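Visitor: Following this message is one structure expressed as structure tokens.
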Amino acid sequence: MSEQVTGLELTCQEVHQYLMAYLERELPPREQAIIDAHLAICVDCVNYLATYQQTVSMARSACANAPVAPIPADLVQAIVAARNVK
Amino acid sequence: MSVLSTDADREREEEASLLERLRAGDERSFEQLVMLHGGAMLAVIRRMLGHDADSQDCLQDAFTSAFKALGSFQGESRLGTWLHRIAVNAALMKIRSRKRRPERPIEDLLPRYQADGHRETPVPQWAVAQDVTAIDEDTRQVVRHCIAELPETFRVVLMLRDIEECSTEETSRLLEISVANVKTRLHRARQALRELLDRHLGEP
């Protein structure tokens, strides 16, 4: 029978500190359970978790969908010319 | 469906033809390769290096490596994918070779807490769609701008892990830092980026 946890064993600061390990499920079961319990009673940490996950997905999406500008013609020429020099 | 596969087939054929001409040393084909892929490679390099003046030099280094390695390119991936990896490696080489610059301390960007462990300010929800595919270009631009604000030591880890999707172990090897250090830097980079985005996206 696992020991009962309340979620108050960790502060919000500690929850945020362990968040990546929690999401990767790298924490021991008791710590995972404490954070689960904390998230059940703390709106701030729920919002923090949601925006932390949004940060990762938005960063990926923003970079994957970045507009690509053509490179300047003189740079194209410099790159091709450098090939001939070497 | 059939239209898509036809387009993909045509792209592959064009790529095979370009590769053949490159290997034959056709001068025009090198120019075509640079014009076709240079813009995307420069964008990747700029994200890694933080939009600095080294980016164009770095692109040149990347193409020099690519031209040398063309003979060994087996076509196991698309040309663009192969060149993308070369651009990432060139940016990492540039970072390793240049003098370490003073960076903004990451602590300046991390969340602040009261003595009891609560945040100094409440954590707002963000006024953006949960589905990232529905996010507009203005918001994406804000995100890219915020990534550029991260100190290089942390930005590079975020780029490799979250954008390039390298494993923790691969990132550790590429940056010559421990696995534990990769994890610590990644988490701090994400937290710092979250704080920066909070200023733009947090609901009042």
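Ligands are numbered from 1 in the order shown, chains are lettered A, B, ... in the order of the structure tokens, and residues start at 1 in each chain.
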Identify every residue of chain A that has at least one atom within 6 Å of any atom of chain B, counting only C-alpha atoms, and report the result as a list of chain:residue names.
Guide: A:Thr11, A:Cys12, A:Gln13, A:Asp44, A:Asn47, A:Thr55, A:Arg60, A:Ala62, A:Val68, A:Ala69, A:Pro70, A:Ile71, A:Ile79
Visitor: Keeping only N, CA, C and O atoms, write the selected residues as a PDB file, in the first residue's frame.
Guide:
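Saved result, result34.pdb, follows:
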ATOM      1  N   THR A  11       6.843  22.484  -2.695  1.00  0.00           N
ATOM      2  CA  THR A  11       6.373  23.844  -2.996  1.00  0.00           C
ATOM      3  C   THR A  11       6.195  23.973  -4.513  1.00  0.00           C
ATOM      4  O   THR A  11       6.692  23.137  -5.285  1.00  0.00           O
ATOM      5  N   CYS A  12       5.546  25.055  -4.938  1.00  0.00           N
ATOM      6  CA  CYS A  12       5.403  25.314  -6.379  1.00  0.00           C
ATOM      7  C   CYS A  12       6.791  25.405  -7.040  1.00  0.00           C
ATOM      8  O   CYS A  12       7.009  24.879  -8.130  1.00  0.00           O
ATOM      9  N   GLN A  13       7.718  26.052  -6.343  1.00  0.00           N
ATOM     10  CA  GLN A  13       9.065  26.214  -6.892  1.00  0.00           C
ATOM     11  C   GLN A  13       9.708  24.841  -7.159  1.00  0.00           C
ATOM     12  O   GLN A  13      10.326  24.620  -8.198  1.00  0.00           O
ATOM     13  N   ASP A  44      -2.092  27.533 -10.257  1.00  0.00           N
ATOM     14  CA  ASP A  44      -0.870  28.152 -10.783  1.00  0.00           C
ATOM     15  C   ASP A  44       0.032  27.106 -11.438  1.00  0.00           C
ATOM     16  O   ASP A  44       0.588  27.330 -12.520  1.00  0.00           O
ATOM     17  N   ASN A  47      -1.395  25.811 -14.680  1.00  0.00           N
ATOM     18  CA  ASN A  47      -1.124  26.777 -15.757  1.00  0.00           C
ATOM     19  C   ASN A  47       0.346  26.749 -16.161  1.00  0.00           C
ATOM     20  O   ASN A  47       0.676  26.860 -17.337  1.00  0.00           O
ATOM     21  N   THR A  55       5.177  26.025 -24.623  1.00  0.00           N
ATOM     22  CA  THR A  55       6.464  26.622 -25.003  1.00  0.00           C
ATOM     23  C   THR A  55       7.231  25.694 -25.930  1.00  0.00           C
ATOM     24  O   THR A  55       7.744  26.105 -26.978  1.00  0.00           O
ATOM     25  N   ARG A  60       8.918  24.587 -31.504  1.00  0.00           N
ATOM     26  CA  ARG A  60       9.122  23.670 -32.632  1.00  0.00           C
ATOM     27  C   ARG A  60       8.352  24.159 -33.863  1.00  0.00           C
ATOM     28  O   ARG A  60       8.893  24.228 -34.958  1.00  0.00           O
ATOM     29  N   ALA A  62       7.217  27.206 -34.499  1.00  0.00           N
ATOM     30  CA  ALA A  62       7.690  28.511 -34.991  1.00  0.00           C
ATOM     31  C   ALA A  62       8.936  28.355 -35.851  1.00  0.00           C
ATOM     32  O   ALA A  62       9.095  29.050 -36.858  1.00  0.00           O
ATOM     33  N   VAL A  68      11.357  31.431 -45.239  1.00  0.00           N
ATOM     34  CA  VAL A  68      12.745  31.340 -45.721  1.00  0.00           C
ATOM     35  C   VAL A  68      12.960  32.392 -46.800  1.00  0.00           C
ATOM     36  O   VAL A  68      12.273  32.370 -47.823  1.00  0.00           O
ATOM     37  N   ALA A  69      13.895  33.295 -46.552  1.00  0.00           N
ATOM     38  CA  ALA A  69      14.194  34.324 -47.547  1.00  0.00           C
ATOM     39  C   ALA A  69      15.318  33.816 -48.442  1.00  0.00           C
ATOM     40  O   ALA A  69      16.227  33.132 -47.958  1.00  0.00           O
ATOM     41  N   PRO A  70      15.258  34.138 -49.730  1.00  0.00           N
ATOM     42  CA  PRO A  70      16.374  33.733 -50.593  1.00  0.00           C
ATOM     43  C   PRO A  70      17.656  34.443 -50.156  1.00  0.00           C
ATOM     44  O   PRO A  70      17.591  35.566 -49.643  1.00  0.00           O
ATOM     45  N   ILE A  71      18.799  33.786 -50.329  1.00  0.00           N
ATOM     46  CA  ILE A  71      20.038  34.449 -49.904  1.00  0.00           C
ATOM     47  C   ILE A  71      20.494  35.421 -50.993  1.00  0.00           C
ATOM     48  O   ILE A  71      20.196  35.219 -52.175  1.00  0.00           O
ATOM     49  N   ILE A  79      29.925  31.852 -52.452  1.00  0.00           N
ATOM     50  CA  ILE A  79      29.991  30.432 -52.048  1.00  0.00           C
ATOM     51  C   ILE A  79      30.474  29.573 -53.220  1.00  0.00           C
ATOM     52  O   ILE A  79      31.346  28.721 -53.064  1.00  0.00           O
TER      53      ILE A  79
END
Visitor: Among range 31-153 of chain B, which ones does DSSP place in alpha helix (DSSP H), written as a VMD selection string?
Guide: chain B and resid 31 to 49 54 to 69 79 to 97 137 to 149 152 to 153
Visitor: Quick one, how far is CA of Arg23 in chain B from CA of Leu174 in chain B?
Guide: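 Taking CA of Arg23 in chain B as the start and CA of Leu174 in chain B as the end point, the length is 29.4 Å.
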Visitor: Report as number ranges by chain all protein, DNA and RNA residues lying within 9 Å of Leu175 in chain B, evaluated on only C-alpha atoms, omitting residues in the same chain fewer than 6 positions from it.
Guide: B: 92, 96, 156-157, 182
Visitor: Report, in Å to a single decimal, how far apart CA of Arg25 in chain A and CA of Asn181 in chain B are.
Guide: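 Taking CA of Asn181 in chain B and CA of Arg25 in chain A, their separation equals 18.2 Å.
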Visitor: Just give me the gap between CA of Glu15 in chain B and CA of Cys58 in chain B in Å, one decimal is fine.
Guide: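 Taking CA of Glu15 in chain B as the start and CA of Cys58 in chain B as the end point, the length is 24.2 Å.
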